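S.K.: If it helps, the file is called data.txt and holds compact mmCIF, C-alpha atoms and all ligand atoms:
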```txt
# COMPACT_ATOMS: atom_id res chain seq x y z
CA MET A 1 0.00 0.00 0.00
CA ARG A 2 3.04 2.20 0.51
CA GLY A 3 3.74 4.24 -2.58
CA LEU A 4 0.09 4.41 -3.63
CA PRO A 5 -1.34 7.91 -4.20
CA TRP A 6 -3.68 8.97 -1.37
CA PRO A 7 -6.89 8.83 -3.50
CA ALA A 8 -6.07 5.17 -4.26
CA LYS A 9 -5.54 4.46 -0.55
CA ALA A 10 -8.84 6.15 0.33
CA TYR A 11 -10.63 4.16 -2.38
CA LEU A 12 -9.13 0.90 -1.12
CA VAL A 13 -10.26 1.64 2.43
CA VAL A 14 -13.81 2.43 1.23
CA VAL A 15 -14.16 -0.72 -0.96
CA ILE A 16 -12.56 -3.09 1.55
CA GLY A 17 -14.43 -1.47 4.45
CA ALA A 18 -17.77 -1.76 2.64
CA ALA A 19 -17.18 -5.44 1.88
CA ALA A 20 -16.07 -6.13 5.46
CA ALA A 21 -19.22 -4.47 6.83
CA LEU A 22 -21.36 -6.41 4.36
CA VAL A 23 -19.90 -9.85 5.09
CA GLY A 24 -19.64 -9.09 8.82
CA ASN A 25 -23.35 -8.26 8.83
CA ILE A 26 -24.19 -11.50 6.99
CA VAL A 27 -22.16 -13.67 9.37
CA VAL A 28 -22.99 -11.94 12.67
CA VAL A 29 -26.65 -10.94 12.32
CA PRO A 30 -28.91 -13.94 13.02
CA GLY A 31 -31.08 -15.08 10.15
CA GLN A 32 -28.96 -13.52 7.40
CA LEU A 33 -27.49 -16.88 6.43
CA ALA A 34 -30.91 -18.48 6.17
CA GLY A 35 -31.21 -17.61 2.48
CA VAL A 36 -27.95 -19.36 1.66
CA GLY A 37 -29.65 -22.75 1.67
CA GLU A 38 -27.49 -25.84 2.05
CA TYR A 39 -24.01 -25.11 3.33
CA GLY A 40 -22.68 -27.96 1.21
CA THR A 41 -23.60 -26.09 -1.98
CA LEU A 42 -22.00 -22.93 -0.61
CA LEU A 43 -18.81 -24.83 0.21
CA VAL A 44 -18.57 -26.47 -3.23
CA LEU A 45 -19.15 -23.13 -4.98
CA ALA A 46 -16.59 -21.39 -2.78
CA LEU A 47 -14.02 -24.08 -3.55
CA LEU A 48 -14.81 -23.92 -7.26
CA PHE A 49 -14.49 -20.15 -7.25
CA LEU A 50 -11.21 -20.39 -5.38
CA VAL A 51 -9.69 -22.89 -7.82
CA CYS A 52 -10.70 -20.79 -10.81
CA GLU A 53 -9.60 -17.52 -9.22
CA SER A 54 -6.21 -19.07 -8.50
CA MET A 55 -5.54 -19.47 -12.21
CA PRO A 56 -6.46 -16.27 -14.02
CA THR A 57 -5.59 -15.74 -17.66
CA LEU A 58 -3.93 -12.54 -18.73
CA LEU A 59 -5.62 -10.91 -21.64
CA ASN A 60 -3.52 -9.37 -24.35
CA VAL A 61 -4.29 -6.05 -22.71
CA GLU A 62 -1.85 -5.02 -19.99
CA GLN A 63 -3.05 -5.33 -16.38
CA PHE A 64 -6.23 -7.20 -17.17
CA ALA A 65 -6.75 -10.75 -16.09
CA VAL A 66 -9.98 -12.66 -16.42
CA SER A 67 -10.76 -16.06 -15.03
CA VAL A 68 -13.41 -18.72 -15.08
CA SER A 69 -14.17 -17.71 -11.47
CA PHE A 70 -16.62 -15.20 -12.86
CA SER A 71 -18.94 -18.06 -13.92
CA ALA A 72 -18.79 -19.59 -10.43
CA ALA A 73 -19.56 -16.21 -8.82
CA LEU A 74 -22.67 -15.79 -10.97
CA ALA A 75 -23.83 -19.37 -10.45
CA ALA A 76 -23.63 -18.59 -6.72
CA VAL A 77 -26.09 -15.71 -7.19
CA VAL A 78 -28.74 -18.26 -8.20
CA LEU A 79 -27.78 -21.19 -6.00
CA VAL A 80 -26.96 -19.51 -2.68
CA GLY A 81 -28.43 -16.00 -3.02
CA PRO A 82 -26.87 -12.57 -2.45
CA GLU A 83 -25.43 -13.45 0.97
CA GLY A 84 -23.89 -16.68 -0.30
CA ALA A 85 -22.54 -14.97 -3.44
CA ALA A 86 -20.84 -12.37 -1.24
CA ILE A 87 -19.15 -15.10 0.83
CA VAL A 88 -18.11 -17.01 -2.32
CA GLY A 89 -16.62 -13.80 -3.80
CA LEU A 90 -14.74 -13.04 -0.61
CA THR A 91 -12.73 -16.26 -0.93
CA ALA A 92 -10.67 -14.49 -3.64
CA VAL A 93 -8.64 -13.16 -0.69
CA VAL A 94 -7.10 -16.61 -0.18
CA SER A 95 -6.59 -17.51 -3.85
CA VAL A 96 -3.38 -19.38 -4.60
CA ARG A 97 -1.48 -16.75 -6.55
CA PRO A 98 2.07 -16.56 -5.22
CA GLY A 99 3.45 -13.06 -5.09
CA LEU A 100 0.06 -11.34 -5.20
CA PRO A 101 0.26 -8.59 -2.56
CA LEU A 102 -2.17 -8.72 0.38
CA VAL A 103 -3.73 -5.38 -0.63
CA LYS A 104 -4.61 -6.75 -4.06
CA ARG A 105 -6.04 -9.91 -2.51
CA LEU A 106 -8.19 -7.89 -0.14
CA PHE A 107 -9.37 -5.65 -2.96
CA ASN A 108 -10.20 -8.61 -5.23
CA GLY A 109 -12.14 -10.35 -2.48
CA ALA A 110 -13.94 -7.14 -1.54
CA GLN A 111 -15.00 -6.24 -5.05
CA PHE A 112 -16.19 -9.78 -5.83
CA ALA A 113 -18.18 -9.81 -2.57
CA ILE A 114 -19.81 -6.46 -3.41
CA CYS A 115 -20.56 -7.49 -7.00
CA GLY A 116 -21.98 -10.86 -5.88
CA TYR A 117 -24.20 -9.30 -3.23
CA ALA A 118 -25.47 -6.48 -5.46
CA SER A 119 -26.21 -8.87 -8.34
CA GLY A 120 -27.94 -11.27 -5.96
CA LYS A 121 -30.22 -8.50 -4.71
CA VAL A 122 -31.03 -7.46 -8.28
CA TYR A 123 -31.71 -11.12 -9.16
CA GLU A 124 -34.19 -11.37 -6.30
CA PHE A 125 -35.73 -7.98 -7.09
CA PHE A 126 -36.55 -9.14 -10.60
CA GLY A 127 -38.26 -12.27 -9.34
CA GLY A 128 -35.36 -14.72 -9.34
CA VAL A 129 -35.78 -17.59 -6.87
CA THR A 130 -32.74 -18.46 -4.78
CA GLY A 131 -31.76 -22.09 -4.40
CA VAL A 132 -31.16 -25.12 -6.59
CA PRO A 133 -33.63 -24.70 -9.47
CA GLU A 134 -35.94 -27.47 -10.59
CA VAL A 135 -35.58 -28.56 -14.20
CA ASN A 136 -38.85 -26.76 -15.04
CA ASP A 137 -37.67 -23.55 -13.35
CA PHE A 138 -34.89 -22.92 -15.84
CA GLU A 139 -36.88 -20.60 -18.11
CA ALA A 140 -38.07 -18.50 -15.19
CA LEU A 141 -34.57 -17.84 -13.92
CA VAL A 142 -33.11 -16.68 -17.27
CA GLY A 143 -34.57 -13.14 -17.14
CA PRO A 144 -33.55 -12.26 -13.56
CA TYR A 145 -30.16 -13.91 -14.14
CA ALA A 146 -29.54 -11.80 -17.25
CA VAL A 147 -30.25 -8.62 -15.25
CA ALA A 148 -27.96 -9.80 -12.45
CA ALA A 149 -25.15 -10.55 -14.94
CA ALA A 150 -25.72 -7.19 -16.64
CA LEU A 151 -25.06 -5.50 -13.29
CA PHE A 152 -22.18 -7.77 -12.21
CA VAL A 153 -20.12 -7.10 -15.34
CA PRO A 154 -20.10 -3.28 -15.37
CA LEU A 155 -19.84 -3.07 -11.57
CA ASN A 156 -16.82 -5.38 -11.61
CA ILE A 157 -15.18 -3.37 -14.41
CA VAL A 158 -15.91 0.03 -12.81
CA LEU A 159 -14.59 -1.04 -9.40
CA THR A 160 -11.41 -2.50 -10.94
CA LEU A 161 -10.73 0.26 -13.48
CA THR A 162 -11.22 2.96 -10.82
CA MET A 163 -8.53 1.26 -8.75
CA VAL A 164 -6.19 0.95 -11.74
CA ARG A 165 -6.65 4.62 -12.64
CA LEU A 166 -6.17 5.88 -9.08
CA ALA A 167 -3.14 3.66 -8.46
CA SER A 168 -1.36 4.76 -11.62
CA THR A 169 1.07 7.60 -11.02
CA GLU A 170 1.37 8.28 -14.74
CA ARG A 171 -1.59 9.12 -16.92
CA ALA A 172 -3.30 5.78 -17.34
CA GLU A 173 -3.16 4.39 -20.82
CA ARG A 174 -6.68 4.03 -22.17
CA MET A 175 -7.73 0.53 -22.99
CA PRO A 176 -8.13 0.32 -26.75
CA ALA A 177 -11.73 -0.08 -27.93
CA ARG A 178 -10.90 -3.55 -29.29
CA GLY A 179 -9.42 -4.56 -25.92
CA MET A 180 -12.52 -3.35 -24.10
CA ALA A 181 -14.78 -5.25 -26.50
CA GLN A 182 -12.70 -8.41 -25.96
CA PHE A 183 -12.91 -7.90 -22.21
CA LEU A 184 -16.70 -7.40 -22.18
CA LEU A 185 -17.39 -10.29 -24.54
CA SER A 186 -15.22 -12.53 -22.42
CA TYR A 187 -17.11 -11.54 -19.26
CA PHE A 188 -20.55 -11.97 -20.78
CA GLY A 189 -19.45 -15.36 -22.12
CA TYR A 190 -18.55 -16.46 -18.58
CA ALA A 191 -21.94 -15.23 -17.42
CA THR A 192 -23.58 -17.73 -19.79
CA PHE A 193 -21.54 -20.57 -18.30
CA GLY A 194 -22.62 -19.49 -14.80
CA LEU A 195 -26.24 -19.91 -15.91
CA LEU A 196 -25.50 -23.41 -17.22
CA VAL A 197 -23.84 -24.42 -13.95
CA ALA A 198 -26.87 -23.20 -11.98
CA GLY A 199 -29.35 -24.81 -14.39
CA LEU A 200 -27.65 -28.21 -14.39
CA TRP A 201 -27.19 -28.28 -10.61
CA ALA A 202 -30.67 -29.79 -10.16
CA THR A 203 -29.80 -32.84 -12.26
CA VAL A 204 -26.13 -33.53 -11.61
CA ALA A 205 -25.47 -31.29 -8.58
CA SER A 206 -21.87 -30.17 -8.16
CA ILE A 207 -20.76 -32.31 -11.11
CA SER A 208 -22.45 -29.67 -13.29
CA ALA A 209 -19.62 -27.31 -12.43
CA VAL A 210 -17.06 -29.85 -13.62
CA LEU A 211 -19.06 -30.67 -16.75
CA VAL A 212 -19.47 -27.05 -17.75
CA LEU A 213 -16.35 -25.40 -16.45
CA LEU A 214 -13.64 -27.99 -17.03
CA PRO A 215 -13.62 -27.73 -20.85
CA LEU A 216 -13.86 -23.97 -20.55
CA PHE A 217 -11.06 -23.92 -18.04
CA ILE A 218 -8.82 -26.02 -20.29
CA ALA A 219 -9.61 -23.76 -23.26
CA ARG A 220 -8.73 -20.68 -21.23
CA TRP A 221 -5.51 -22.30 -20.04
CA ALA A 222 -4.52 -23.12 -23.62
CA PHE A 223 -5.38 -19.57 -24.65
CA GLY A 224 -3.24 -18.24 -21.80
CA GLN A 225 -0.34 -20.44 -22.89
CA TYR A 226 -0.69 -19.07 -26.40
CA HIS A 227 -0.52 -15.49 -25.12
CA ALA A 228 2.46 -16.30 -22.94
CA GLN A 229 4.19 -17.71 -26.01
CA GLN A 230 3.36 -14.57 -27.99
CA ARG A 231 4.78 -12.40 -25.23
CA SER A 232 8.02 -14.38 -25.24
CA TYR A 233 8.24 -14.01 -29.03
CA ASP A 234 7.74 -10.26 -28.68
CA ALA A 235 10.44 -10.09 -26.01
CA THR A 236 12.87 -11.98 -28.26
CA ILE A 237 12.22 -9.63 -31.17
CA ALA A 238 12.49 -6.56 -28.94
CA ALA A 239 15.87 -7.75 -27.63
CA LEU A 240 17.20 -8.18 -31.17
CA CYS A 241 15.92 -4.70 -32.09
CA GLN A 242 17.60 -3.22 -29.06
CA ALA A 243 20.87 -4.82 -30.15
CA VAL A 244 20.60 -3.24 -33.63
CA GLU A 245 19.66 0.17 -32.32
CA THR A 246 22.53 0.38 -29.86
CA LYS A 247 24.76 0.55 -32.96
CA ASP A 248 23.34 3.90 -33.90
CA TYR A 249 21.97 6.62 -31.62
CA TYR A 250 19.89 8.28 -34.33
CA THR A 251 18.01 5.17 -35.38
CA ARG A 252 16.59 4.44 -31.93
CA GLY A 253 12.94 3.55 -32.17
CA HIS A 254 13.27 3.09 -35.96
CA CYS A 255 12.49 -0.66 -35.85
CA THR A 256 9.32 -0.12 -33.82
CA ARG A 257 8.10 2.69 -36.07
CA VAL A 258 8.84 0.73 -39.26
CA SER A 259 6.92 -2.14 -37.73
CA LEU A 260 3.98 0.17 -36.98
CA ALA A 261 3.96 1.76 -40.45
CA SER A 262 4.27 -1.67 -42.11
CA THR A 263 1.30 -2.89 -40.08
CA MET A 264 -0.72 0.16 -41.17
CA ILE A 265 -0.02 -0.63 -44.83
CA ALA A 266 -0.68 -4.34 -44.32
CA GLN A 267 -4.05 -3.62 -42.69
CA GLU A 268 -4.94 -1.27 -45.51
CA ILE A 269 -4.29 -3.92 -48.15
CA GLY A 270 -6.30 -6.46 -46.15
CA MET A 271 -3.73 -8.88 -44.75
CA GLY A 272 -5.12 -11.43 -42.26
CA ALA A 273 -4.20 -11.68 -38.57
CA GLU A 274 -1.38 -14.23 -39.02
CA ARG A 275 0.33 -12.22 -41.76
CA LEU A 276 -0.15 -9.01 -39.77
CA ARG A 277 1.77 -10.55 -36.90
CA ALA A 278 4.51 -11.73 -39.26
CA ILE A 279 4.88 -8.33 -40.89
CA ARG A 280 5.03 -6.67 -37.47
CA TYR A 281 8.01 -8.90 -36.70
CA ALA A 282 9.54 -8.29 -40.14
CA GLY A 283 9.31 -4.52 -39.61
CA MET A 284 11.01 -4.85 -36.23
CA LEU A 285 13.81 -7.01 -37.60
CA HIS A 286 14.29 -5.62 -41.12
CA ASP A 287 17.73 -4.18 -40.31
CA VAL A 288 18.92 -6.88 -37.92
CA GLY A 289 21.67 -7.61 -40.47
CA LYS A 290 23.35 -4.32 -39.50
CA LEU A 291 24.75 -6.35 -36.61
CA GLY A 292 26.91 -8.05 -39.23
CA VAL A 293 28.18 -4.80 -40.80
CA PRO A 294 31.35 -3.29 -39.28
CA THR A 295 30.39 -0.27 -37.17
CA LYS A 296 33.21 1.75 -38.73
CA VAL A 297 31.54 1.30 -42.13
CA LEU A 298 28.13 2.32 -40.78
CA GLN A 299 29.71 5.35 -39.12
CA LYS A 300 32.03 6.40 -41.90
CA ASP A 301 32.01 10.11 -42.72
CA GLY A 302 32.06 10.86 -46.45
CA PRO A 303 31.77 8.60 -49.51
CA LEU A 304 32.12 4.84 -49.12
CA THR A 305 34.45 2.67 -51.14
CA GLU A 306 32.88 -0.04 -53.29
CA GLU A 307 33.91 -2.65 -50.75
CA GLU A 308 32.34 -0.72 -47.92
CA PHE A 309 29.15 -0.20 -49.90
CA ALA A 310 29.12 -3.93 -50.67
CA ALA A 311 29.28 -4.58 -46.91
CA ILE A 312 26.20 -2.36 -46.42
CA GLN A 313 24.42 -4.11 -49.27
CA LEU A 314 25.05 -7.43 -47.59
CA HIS A 315 23.00 -6.52 -44.49
CA PRO A 316 19.72 -8.04 -45.75
CA MET A 317 21.51 -11.38 -46.28
CA ARG A 318 23.25 -11.09 -42.92
CA GLY A 319 19.87 -10.38 -41.36
CA LEU A 320 18.43 -13.54 -42.84
CA GLU A 321 21.42 -15.55 -41.57
CA ILE A 322 20.93 -14.17 -38.05
CA VAL A 323 17.22 -14.96 -37.75
CA ARG A 324 16.98 -18.02 -39.99
CA GLY A 325 16.67 -20.33 -36.98
CA ILE A 326 13.63 -18.51 -35.56
CA ASP A 327 10.85 -20.54 -37.13
CA PHE A 328 7.89 -18.40 -36.01
CA LEU A 329 9.06 -15.59 -38.31
CA ASP A 330 7.70 -17.40 -41.41
CA GLU A 331 7.07 -14.87 -44.15
CA ALA A 332 9.06 -12.22 -42.26
CA PHE A 333 12.23 -13.78 -43.72
CA ALA A 334 11.29 -12.52 -47.19
CA GLY A 335 10.69 -9.02 -45.82
CA ILE A 336 14.08 -8.92 -44.13
CA MET A 337 15.92 -10.33 -47.14
CA HIS A 338 14.38 -8.08 -49.81
CA HIS A 339 13.51 -4.78 -48.10
CA HIS A 340 16.06 -2.91 -50.27
CA GLU A 341 14.85 -4.22 -53.61
CA ARG A 342 13.45 -1.49 -55.85
CA HIS A 343 10.34 -1.61 -58.00
CA ASP A 344 12.48 -0.85 -61.10
CA GLY A 345 14.88 -3.72 -60.34
CA ARG A 346 17.82 -1.51 -59.37
CA GLY A 347 17.83 -2.46 -55.69
CA TYR A 348 19.75 -5.09 -53.73
CA PRO A 349 20.62 -7.83 -52.86
CA MET A 350 19.02 -9.65 -55.83
CA GLY A 351 17.83 -6.89 -58.15
CA LEU A 352 14.24 -8.20 -58.18
CA ALA A 353 11.63 -5.99 -59.84
CA GLY A 354 7.87 -5.36 -59.57
CA ASP A 355 5.86 -8.36 -58.41
CA GLU A 356 9.01 -10.52 -58.17
CA ILE A 357 9.67 -8.66 -54.91
CA PRO A 358 7.85 -10.40 -52.03
CA GLU A 359 4.86 -8.43 -50.77
CA PHE A 360 6.33 -8.06 -47.27
CA ALA A 361 9.45 -6.44 -48.70
CA ARG A 362 7.42 -4.00 -50.82
CA VAL A 363 5.50 -2.95 -47.70
CA ILE A 364 8.60 -2.55 -45.54
CA ALA A 365 10.46 -0.56 -48.20
CA VAL A 366 7.81 2.18 -48.02
CA ALA A 367 7.56 2.15 -44.21
CA ASP A 368 11.35 2.13 -43.85
CA ALA A 369 11.98 5.10 -46.15
CA PHE A 370 9.11 7.06 -44.60
CA ASP A 371 10.36 6.66 -41.05
CA SER A 372 13.92 7.47 -42.07
CA MET A 373 12.75 10.73 -43.68
CA THR A 374 10.54 11.77 -40.75
CA SER A 375 13.26 11.13 -38.14
CA ASP A 376 16.26 13.21 -37.17
CA ARG A 377 19.60 12.13 -38.55
CA SER A 378 23.05 13.42 -37.61
CA TYR A 379 23.36 15.15 -41.00
CA ARG A 380 19.82 16.63 -41.23
CA GLY A 381 16.66 17.28 -39.25
CA ALA A 382 13.43 15.30 -39.55
CA ARG A 383 11.36 16.08 -42.65
CA PRO A 384 7.68 16.93 -42.17
CA VAL A 385 5.22 14.12 -42.91
CA GLU A 386 3.89 15.97 -46.01
CA VAL A 387 7.41 16.23 -47.47
CA ALA A 388 8.07 12.53 -46.82
CA VAL A 389 4.75 11.60 -48.44
CA ALA A 390 5.66 13.73 -51.48
CA GLU A 391 8.98 11.84 -51.69
CA LEU A 392 7.14 8.52 -51.56
CA HIS A 393 4.89 9.67 -54.41
CA LYS A 394 7.98 10.74 -56.34
CA GLY A 395 9.55 7.30 -55.87
CA ALA A 396 6.33 5.35 -56.61
CA GLY A 397 6.88 3.20 -59.69
CA SER A 398 10.68 3.52 -59.55
CA GLN A 399 11.83 2.83 -55.98
CA PHE A 400 8.51 1.89 -54.40
CA ASP A 401 5.49 -0.21 -55.33
CA PRO A 402 2.82 2.41 -56.16
CA GLU A 403 0.11 0.22 -54.62
CA MET A 404 1.93 0.22 -51.25
CA VAL A 405 2.53 3.97 -51.39
CA ALA A 406 -1.17 4.57 -52.09
CA ALA A 407 -2.17 2.21 -49.26
CA PHE A 408 0.13 4.00 -46.82
CA VAL A 409 -1.21 7.42 -47.81
CA ARG A 410 -4.77 6.17 -47.23
CA ALA A 411 -3.75 4.73 -43.86
CA LEU A 412 -2.12 8.02 -42.88
CA GLU A 413 -5.33 9.90 -43.68
CA ARG A 414 -7.20 7.61 -41.32
CA GLU A 415 -4.54 7.41 -38.62
CA PRO A 416 -2.21 10.43 -38.50
CA TRP A 417 1.46 9.62 -37.99
CA GLN A 418 3.15 10.54 -34.73
CA PRO A 419 6.72 11.47 -35.70
CA PRO A 420 9.40 10.63 -33.12
CA ARG A 421 10.41 13.29 -30.63
CA LYS A 422 13.27 15.50 -31.70
CA ALA A 423 16.56 13.74 -30.97
CA SER A 424 18.87 15.77 -28.79
CA PRO A 425 22.58 15.45 -29.71
CA PRO A 426 24.07 12.22 -28.37
CA PRO A 427 26.30 12.36 -25.29
CA CYS A 428 29.97 12.66 -26.35
CA ASP A 429 31.87 9.44 -27.03
CA GLU A 430 29.26 7.34 -25.29
CA THR A 431 27.00 6.72 -28.22
CA GLU A 432 27.61 5.77 -31.79
CA THR A 433 25.99 7.53 -34.71
CA THR A 434 26.04 6.74 -38.39
CA THR A 435 26.92 9.49 -40.83
CA LYS A 436 24.52 8.44 -43.58
CA ASP A 437 21.37 6.40 -43.33
CA HIS A 438 21.12 3.68 -45.97
CA ASP A 439 17.30 3.90 -45.72
CA ASP A 440 17.12 7.60 -46.59
CA PRO A 441 15.93 7.93 -50.22
CA THR A 442 16.60 11.67 -50.24
CA MET A 443 20.33 11.41 -49.47
CA PRO A 444 21.79 8.37 -51.26
CA ILE A 445 25.10 7.05 -50.00
CA GLU A 446 27.99 8.22 -52.15
CA VAL A 447 30.32 5.51 -53.42
CA VAL A 448 33.78 6.11 -54.89
CA GLY A 449 35.53 3.62 -57.19
CA GLY A 450 38.35 1.36 -55.88
CA SER A 451 39.18 0.64 -52.27
FE FE B 1 18.07 -1.84 -44.34
```
Before anything else, please render the file you have as structure tokens.
M.R.:
Amino acid sequence: MRGLPWPAKAYLVVVIGAAAALVGNIVVVPGQLAGVGEYGTLLVLALLFLVCESMPTLLNVEQFAVSVSFSAALAAVVLVGPEGAAIVGLTAVVSVRPGLPLVKRLFNGAQFAICGYASGKVYEFFGGVTGVPEVNDFEALVGPYAVAAALFVPLNIVLTLTMVRLASTERAERMPARGMAQFLLSYFGYATFGLLVAGLWATVASISAVLVLLPLFIARWAFGQYHAQQRSYDATIAALCQAVETKDYYTRGHCTRVSLASTMIAQEIGMGAERLRAIRYAGMLHDVGKLGVPTKVLQKDGPLTEEEFAAIQLHPMRGLEIVRGIDFLDEAFAGIMHHHERHDGRGYPMGLAGDEIPEFARVIAVADAFDSMTSDRSYRGARPVEVAVAELHKGAGSQFDPEMVAAFVRALEREPWQPPRKASPPPCDETETTTKDHDDPTMPIEVVGGS
């Protein structure tokens, strides 16, 4: 709790205090537990909730974890009423999640208890009958259950997001609309499973939870594994990027921006999700081969000899050699290998032309040149976006694929480009800078004959 801003501390005290008063009242005041029904059902639901809550799945959105426990909490609303649902929710405090701070445990338990109780009351208010439903009762409980779930979901999100916002010292990053939609859909999906657990309880009792939730739980686990794998891929790529960018102060952030611009073009031309991921990686790694080019060549002031220029021209091949063993890169290999080919066939390393150039490479070529032009370099300042776009138009049909240039311009109209912040001069002798950028179409590298 130390280090939290005071509004976050005050909020924590209010939420935890409210839940403590609520559960205390249920446990201490005689008669309050009468609506809970059989304690065996309460115990099974609490255990089920606890198991599920102990294994949350991180969504692709930072800081947000959802778990199957949500279904158990909503099933409790029907089976053991508002008081029972509050007790079930409170068990989140003792979930088996090593390293989870006590404050977070208390908050989780408190907010689940409040949500469970409030939804239970709404369920009853709309005519829902508490207890194990008869087979014929199923239809009657659907309406009140839907209202209860419709309250549980937003209340849970509001309570959690308020905490996240108040606890963040920096301006909280807004959850993207797609992330929020994923989050809400996920929650409403769990609500449906809660209804199934409650409905089946009459026929197969607690086995209904296993029947309904086990496949769901396994699916969520597999999904979580997939996301964990994606995160480790991203970390691997980011580490390689970092290695490339430490070679040159002025190209810091270039890989990430090329990746972003490539993704914008790829979305515009309608690439599917798998290819979008691959092109994101290709954009990040397009210049990884610079690791294989002597720094003194990259940094050389003045014209390059033919040998030195040949070393620069080798970087796409070197890049391919470096990442060849990373099998998840798939089509990204072609993007790395051919990102300096030109539409007119005068590029390198193979001199491919037009449609012979792989699509990934044609996309990256545009993104790469654009970011180079709109970023500061040691020998010139960043060009405005309009100037860079005019250069792309000028090179369309000779250096660049006109279709990719047009797609990028359309994407820029929809989603304005955020140029990198102005680069302050690098600290003396501590950082390396290149004299000329091989990606800059406005300032070609000069080459002199002989070595
Ligand atoms: Fe390059």
S.K.: Using only C-alpha atoms and all ligand atoms, can you tell me which of A:Ala222, A:Val366, A:Ala76, A:Cys115 comes closest to ligand FE 1 (chain B)?
M.R.: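 Looking at the shortest contact to ligand FE 1 (chain B), the residue is A:Val366.
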S.K.: Extending 6 Å beyond the listed atoms of range 365-378 of chain A on each side, what axis-aligned box results? I want centre and edge lengths in Å to one decimal, as lines of an AutoDock Vina configuration file.
M.R.:
```
center_x = 15.3
center_y = 6.4
center_z = -42.7
size_x = 27.5
size_y = 26.0
size_z = 23.0
```
S.K.: Using only C-alpha atoms for the distances, tell me which of A:Trp221, A:Phe183, A:Gly84, A:Thr203 is nearest to Ile157 in chain A.
M.R.: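 Once distances to Ile157 in chain A are computed over only C-alpha atoms, the minimum belongs to A:Phe183.
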S.K.: How many Å separate CA of Gly347 in chain A from CA of Gln313 in chain A?
M.R.: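 Separation of CA of Gly347 in chain A and CA of Gln313 in chain A: 9.3 Å.
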S.K.: If the limit is 9 Å from any atom of ligand FE 1 (chain B), counting all atoms listed in the file, which residues qualify? Return them as number ranges by chain.
M.R.: A: 286-290, 312-313, 315-316, 336, 339-340, 365, 368, 437-439
S.K.: Which residues come within 9 Å of range 139-153 of chain A, counting all atoms listed in the file, excluding same-chain residues fewer than 3 positions away, as a VMD selection string?
M.R.: chain A and resid 74 77 to 78 112 115 to 116 118 to 129 133 135 to 136 156 to 158 184 187 to 188 191 to 192 195 199
S.K.: Which residues are close to range 3-8 of chain A, i.e. within 10 Å by all atoms listed in the file, leaving aside same-chain residues fewer than 4 positions away? Reply as a ChimeraX atom specification.
M.R.: /A:12-14,162-169
S.K.: Any idea what the distance is between CA of Ser262 in chain A and CA of Met373 in chain A?
M.R.: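 According to the coordinates, CA of Ser262 in chain A and CA of Met373 in chain A are separated by 15.1 Å.
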S.K.: Restricting the calculation to all atoms listed in the file: of A:Ala86, A:Gly81, A:Lys296, A:Val93, which residue gets closest to Val27 in chain A?
M.R.: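 Of all the options, A:Ala86 lies closest to Val27 in chain A.
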S.K.: For a test of reading the model, state the distance in Å between CA of Leu155 in chain A and CA of Ala21 in chain A, rounded to one decimal.
M.R.: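 Straight-line distance from CA of Leu155 in chain A to CA of Ala21 in chain A works out to 18.5 Å.
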S.K.: Place a sphere of radius 10 Å on (-12.6, -1.4, -2.6) in the file coordinates and name every protein, DNA or RNA residue with an atom inside or on its surface, counting all atoms listed in the file; give the answer as a list in words.
M.R.: Ala8, Lys9, Ala10, Tyr11, Leu12, Val13, Val14, Val15, Ile16, Gly17, Ala18, Ala19, Ala20, Val103, Lys104, Leu106, Phe107, Asn108, Gly109, Ala110, Gln111, Phe112, Ile114, Leu159, Thr160, Thr162 and Met163 of chain A
S.K.: Take the residues that were just selected and, keeping C-alpha atoms, output them as a CSV table (one decimal), in the frame of the given file.
M.R.:
```csv
chain,number,residue,atom,x,y,z
A,8,ALA,CA,-6.1,5.2,-4.3
A,9,LYS,CA,-5.5,4.5,-0.6
A,10,ALA,CA,-8.8,6.2,0.3
A,11,TYR,CA,-10.6,4.2,-2.4
A,12,LEU,CA,-9.1,0.9,-1.1
A,13,VAL,CA,-10.3,1.6,2.4
A,14,VAL,CA,-13.8,2.4,1.2
A,15,VAL,CA,-14.2,-0.7,-1.0
A,16,ILE,CA,-12.6,-3.1,1.6
A,17,GLY,CA,-14.4,-1.5,4.4
A,18,ALA,CA,-17.8,-1.8,2.6
A,19,ALA,CA,-17.2,-5.4,1.9
A,20,ALA,CA,-16.1,-6.1,5.5
A,103,VAL,CA,-3.7,-5.4,-0.6
A,104,LYS,CA,-4.6,-6.8,-4.1
A,106,LEU,CA,-8.2,-7.9,-0.1
A,107,PHE,CA,-9.4,-5.6,-3.0
A,108,ASN,CA,-10.2,-8.6,-5.2
A,109,GLY,CA,-12.1,-10.4,-2.5
A,110,ALA,CA,-13.9,-7.1,-1.5
A,111,GLN,CA,-15.0,-6.2,-5.0
A,112,PHE,CA,-16.2,-9.8,-5.8
A,114,ILE,CA,-19.8,-6.5,-3.4
A,159,LEU,CA,-14.6,-1.0,-9.4
A,160,THR,CA,-11.4,-2.5,-10.9
A,162,THR,CA,-11.2,3.0,-10.8
A,163,MET,CA,-8.5,1.3,-8.8
```
S.K.: At a cut-off of 12 Å, using only C-alpha atoms, what residues contact Leu352 in chain A? Leave out same-chain residues fewer than 2 positions from it and give the result as a list in words.
M.R.: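 The contact residues come out as Met337, His338, His339, His340, Glu341, Arg342, His343, Asp344, Gly345, Arg346, Gly347, Tyr348, Pro349, Met350, Gly354, Asp355, Glu356, Ile357, Pro358, Glu359, Ala361, Arg362 and Gln399 of chain A.
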S.K.: List the spatial neighbours of Tyr190 in chain A as a list in words - criterion: any atom at most 8 Å away, only C-alpha atoms, same-chain residues fewer than 4 positions off excluded.
M.R.: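 The residues that qualify are Val68, Phe70, Ser71, Ser186 and Gly194 of chain A.
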